[in-house]
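Chemist: Next comes the structure file protein-v8.pdb, holding PDB, C-alpha atoms, pLDDT in the B column.
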ATOM      1  CA  GLN O 199      88.393 123.251  77.775  1.00 89.00           C
ATOM      2  CA  VAL O 200      85.682 122.335  80.244  1.00 95.00           C
ATOM      3  CA  GLN O 201      81.967 122.916  79.884  1.00 97.00           C
ATOM      4  CA  LEU O 202      79.750 123.361  82.899  1.00 98.00           C
ATOM      5  CA  VAL O 203      75.993 123.015  82.514  1.00 96.00           C
ATOM      6  CA  GLU O 204      73.757 124.200  85.298  1.00 96.00           C
ATOM      7  CA  SER O 205      70.186 123.188  85.929  1.00 97.00           C
ATOM      8  CA  GLY O 206      67.576 123.128  88.653  1.00 98.00           C
ATOM      9  CA  GLY O 207      66.608 126.754  88.864  1.00 97.00           C
ATOM     10  CA  GLY O 208      63.042 127.941  88.789  1.00 98.00           C
ATOM     11  CA  LEU O 209      60.259 129.711  90.600  1.00 98.00           C
ATOM     12  CA  VAL O 210      59.554 128.726  94.193  1.00 98.00           C
ATOM     13  CA  GLN O 211      57.603 130.189  97.074  1.00 98.00           C
ATOM     14  CA  ALA O 212      59.345 131.524 100.129  1.00 98.00           C
ATOM     15  CA  GLY O 213      60.202 128.692 102.488  1.00 98.00           C
ATOM     16  CA  GLY O 214      60.588 126.225  99.652  1.00 98.00           C
ATOM     17  CA  SER O 215      63.610 124.318  98.400  1.00 98.00           C
ATOM     18  CA  LEU O 216      65.552 123.868  95.201  1.00 98.00           C
ATOM     19  CA  ARG O 217      68.591 121.831  94.257  1.00 98.00           C
ATOM     20  CA  LEU O 218      70.898 123.251  91.641  1.00 98.00           C
ATOM     21  CA  SER O 219      73.180 121.007  89.609  1.00 98.00           C
ATOM     22  CA  CYS O 220      76.412 121.810  87.806  1.00 98.00           C
ATOM     23  CA  ALA O 221      77.426 119.045  85.428  1.00 98.00           C
ATOM     24  CA  ALA O 222      80.992 119.080  84.127  1.00 98.00           C
ATOM     25  CA  SER O 223      82.188 117.725  80.788  1.00 97.00           C
ATOM     26  CA  ARG O 224      85.113 115.946  82.450  1.00 96.00           C
ATOM     27  CA  SER O 225      85.928 114.239  85.716  1.00 96.00           C
ATOM     28  CA  ILE O 226      85.683 116.408  88.811  1.00 95.00           C
ATOM     29  CA  PHE O 227      87.610 113.940  90.956  1.00 94.00           C
ATOM     30  CA  ASN O 228      90.674 116.204  91.157  1.00 92.00           C
ATOM     31  CA  ILE O 229      89.108 119.646  91.110  1.00 94.00           C
ATOM     32  CA  ARG O 230      90.840 122.034  93.460  1.00 92.00           C
ATOM     33  CA  TYR O 231      87.905 124.291  94.126  1.00 96.00           C
ATOM     34  CA  MET O 232      84.147 124.290  93.726  1.00 97.00           C
ATOM     35  CA  GLY O 233      81.866 127.201  94.383  1.00 98.00           C
ATOM     36  CA  TRP O 234      78.505 128.758  93.756  1.00 98.00           C
ATOM     37  CA  TYR O 235      77.961 132.454  93.163  1.00 98.00           C
ATOM     38  CA  ARG O 236      74.897 134.540  92.502  1.00 98.00           C
ATOM     39  CA  GLN O 237      74.045 137.834  90.907  1.00 98.00           C
ATOM     40  CA  ALA O 238      70.857 139.709  91.577  1.00 97.00           C
ATOM     41  CA  PRO O 239      69.607 142.454  89.226  1.00 92.00           C
ATOM     42  CA  GLY O 240      71.631 145.626  89.660  1.00 94.00           C
ATOM     43  CA  LYS O 241      74.094 143.975  92.016  1.00 96.00           C
ATOM     44  CA  GLN O 242      77.554 142.511  91.752  1.00 97.00           C
ATOM     45  CA  ARG O 243      78.149 138.790  91.616  1.00 97.00           C
ATOM     46  CA  GLU O 244      78.710 137.470  95.120  1.00 98.00           C
ATOM     47  CA  LEU O 245      80.018 134.291  96.675  1.00 98.00           C
ATOM     48  CA  VAL O 246      77.388 131.933  98.039  1.00 98.00           C
ATOM     49  CA  VAL O 247      79.706 129.094  99.016  1.00 98.00           C
ATOM     50  CA  GLY O 248      83.232 128.029  98.159  1.00 97.00           C
ATOM     51  CA  SER O 249      85.003 124.793  98.985  1.00 95.00           C
ATOM     52  CA  THR O 250      88.637 123.883  98.441  1.00 92.00           C
ATOM     53  CA  SER O 251      90.173 120.473  97.873  1.00 79.00           C
ATOM     54  CA  GLY O 252      91.382 120.662 101.463  1.00 68.00           C
ATOM     55  CA  ALA O 253      87.739 120.504 102.504  1.00 79.00           C
ATOM     56  CA  ILE O 254      87.617 124.085 103.738  1.00 90.00           C
ATOM     57  CA  THR O 255      84.130 125.351 103.013  1.00 93.00           C
ATOM     58  CA  ASN O 256      82.956 128.922 103.437  1.00 96.00           C
ATOM     59  CA  TYR O 257      79.336 129.959 103.254  1.00 97.00           C
ATOM     60  CA  ALA O 258      78.059 133.493 102.963  1.00 98.00           C
ATOM     61  CA  ASP O 259      76.498 134.540 106.258  1.00 98.00           C
ATOM     62  CA  SER O 260      73.172 135.053 104.507  1.00 97.00           C
ATOM     63  CA  VAL O 261      72.901 131.367 103.536  1.00 98.00           C
ATOM     64  CA  LYS O 262      74.532 129.591 106.462  1.00 98.00           C
ATOM     65  CA  GLY O 263      72.355 126.807 107.792  1.00 97.00           C
ATOM     66  CA  ARG O 264      70.101 126.908 104.723  1.00 98.00           C
ATOM     67  CA  PHE O 265      72.348 126.037 101.741  1.00 98.00           C
ATOM     68  CA  THR O 266      74.652 123.045 101.323  1.00 97.00           C
ATOM     69  CA  ILE O 267      77.238 122.353  98.662  1.00 96.00           C
ATOM     70  CA  SER O 268      78.021 118.762  97.693  1.00 95.00           C
ATOM     71  CA  ARG O 269      79.459 116.718  94.874  1.00 95.00           C
ATOM     72  CA  ASP O 270      79.007 113.388  93.141  1.00 96.00           C
ATOM     73  CA  ASN O 271      82.258 112.387  91.473  1.00 96.00           C
ATOM     74  CA  ALA O 272      80.629 109.478  89.668  1.00 97.00           C
ATOM     75  CA  LYS O 273      78.282 111.912  87.934  1.00 98.00           C
ATOM     76  CA  ASN O 274      80.829 114.721  87.530  1.00 98.00           C
ATOM     77  CA  THR O 275      78.301 116.980  89.189  1.00 98.00           C
ATOM     78  CA  VAL O 276      78.355 119.578  91.927  1.00 97.00           C
ATOM     79  CA  TYR O 277      75.142 120.474  93.739  1.00 98.00           C
ATOM     80  CA  LEU O 278      73.742 123.327  95.757  1.00 98.00           C
ATOM     81  CA  GLN O 279      70.866 122.340  98.014  1.00 98.00           C
ATOM     82  CA  MET O 280      68.885 125.419  98.973  1.00 98.00           C
ATOM     83  CA  ASN O 281      66.316 125.218 101.760  1.00 98.00           C
ATOM     84  CA  SER O 282      64.141 127.804 103.484  1.00 98.00           C
ATOM     85  CA  LEU O 283      64.434 130.062 100.489  1.00 98.00           C
ATOM     86  CA  LYS O 284      63.768 133.764 100.872  1.00 98.00           C
ATOM     87  CA  PRO O 285      62.828 136.418  98.303  1.00 97.00           C
ATOM     88  CA  GLU O 286      66.272 137.945  98.762  1.00 97.00           C
ATOM     89  CA  ASP O 287      67.783 134.708  97.407  1.00 98.00           C
ATOM     90  CA  THR O 288      66.390 135.625  93.981  1.00 98.00           C
ATOM     91  CA  ALA O 289      69.294 135.791  91.533  1.00 98.00           C
ATOM     92  CA  VAL O 290      71.079 134.041  88.714  1.00 98.00           C
ATOM     93  CA  TYR O 291      73.251 131.325  90.231  1.00 98.00           C
ATOM     94  CA  TYR O 292      76.582 130.300  88.724  1.00 98.00           C
ATOM     95  CA  CYS O 293      78.879 127.416  89.511  1.00 98.00           C
ATOM     96  CA  ASN O 294      82.632 127.857  89.394  1.00 98.00           C
ATOM     97  CA  LEU O 295      85.084 124.965  89.326  1.00 97.00           C
ATOM     98  CA  ARG O 296      88.854 124.940  89.267  1.00 96.00           C
ATOM     99  CA  PHE O 297      90.615 122.332  87.126  1.00 95.00           C
ATOM    100  CA  GLY O 298      94.355 122.651  87.560  1.00 92.00           C
ATOM    101  CA  ASP O 299      95.164 126.354  87.283  1.00 93.00           C
ATOM    102  CA  ASN O 300      92.014 127.277  85.379  1.00 96.00           C
ATOM    103  CA  TYR O 301      88.618 128.351  86.648  1.00 96.00           C
ATOM    104  CA  TYR O 302      85.477 127.675  84.661  1.00 97.00           C
ATOM    105  CA  TRP O 303      81.998 129.147  84.940  1.00 98.00           C
ATOM    106  CA  GLY O 304      78.616 127.745  84.129  1.00 96.00           C
ATOM    107  CA  GLN O 305      76.087 129.711  82.104  1.00 96.00           C
ATOM    108  CA  GLY O 306      73.901 130.476  85.098  1.00 97.00           C
ATOM    109  CA  THR O 307      70.473 129.366  86.206  1.00 97.00           C
ATOM    110  CA  GLN O 308      67.704 131.675  87.387  1.00 98.00           C
ATOM    111  CA  VAL O 309      66.241 131.245  90.853  1.00 98.00           C
ATOM    112  CA  THR O 310      63.177 133.291  91.713  1.00 98.00           C
ATOM    113  CA  VAL O 311      61.644 133.188  95.173  1.00 98.00           C
ATOM    114  CA  SER O 312      58.178 134.680  95.555  1.00 97.00           C
ATOM    115  CA  SER O 313      56.886 136.071  98.823  1.00 94.00           C
TER     116      SER O 313
END
Just give me the structure as structure tokens.
Modeler:
Amino acid sequence: QVQLVESGGGLVQAGGSLRLSCAASRSIFNIRYMGWYRQAPGKQRELVVGSTSGAITNYADSVKGRFTISRDNAKNTVYLQMNSLKPEDTAVYYCNLRFGDNYYWGQGTQVTVSS
């Protein structure tokens, strides 16, 4: 079993930045997939960015050029850098990592962008 703990959410004004962290309870060196998703009130969870071990990274059109996914293997942590935030980015953000054949989710962190 793997635990993922997210942090870094909060309240920010439009145009501001936040960096979300997803800390894993075991090494992420060999993860096969890392991704961030979000769910706004009354909406379905949607992909923000997904990246495979083959270094293929897909960003949602709505965040391209503003959000960046990265990782620090030494810290067993995956990040989501979010710049130029917009009110429509308001949602609960979840990380999703694949270890072997299993996918694991974090508990979510709230991001609220005020206009």
Chemist: By how many Å are atom CA of O:Ser251 and atom CA of O:Asp299 apart?
Modeler: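 Taking atom CA of O:Ser251 as the start and atom CA of O:Asp299 as the end point, the length is 13.1 Å.
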Chemist: Tell me which residues come within 12 Å of (73.4, 141.6, 89.0), as a list in words, counting all atoms listed in the file in the file's coordinates.
Modeler: Tyr235, Arg236, Gln237, Ala238, Pro239, Gly240, Lys241, Gln242, Arg243, Glu244, Thr288, Ala289, Val290, Tyr291, Tyr292, Gly306 and Gln308 of chain O
Chemist: Do a neighbour search on stretch 214-216 of chain O at 10 Å with all atoms listed in the file, toss out local chain neighbours closer than 4 positions, and write the hits as number ranges by chain.
Modeler: O: 206-210, 264-265, 278-284, 309, 311-312
Chemist: At a cut-off of 9 Å, using only C-alpha atoms, what residues contact O:Asp270? Leave out same-chain residues fewer than 4 positions from it and give the result as JSON, numbers by chain.
Modeler: {"O": [226, 227, 274, 275, 276, 277]}
Chemist: Expanded to explicit residues, what is the PyMOL selection byres ((chain O and resi 222) around 6) for this file, as an MDAnalysis selection string?
Modeler: chainID O and resid 201:202 221 223:224 274
Chemist: Atom CA of O:Val261 to atom CA of O:Ser219: how many Å, to one decimal?
Modeler: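 Separation of atom CA of O:Val261 and atom CA of O:Ser219: 17.4 Å.
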Chemist: Starting from the displayed file, determine the output of the PyMOL selection byres ((chain O and resi 232) around 6) and express the residue list as a ChimeraX atom specification.
Modeler: /O:231,233,248-249,294-295
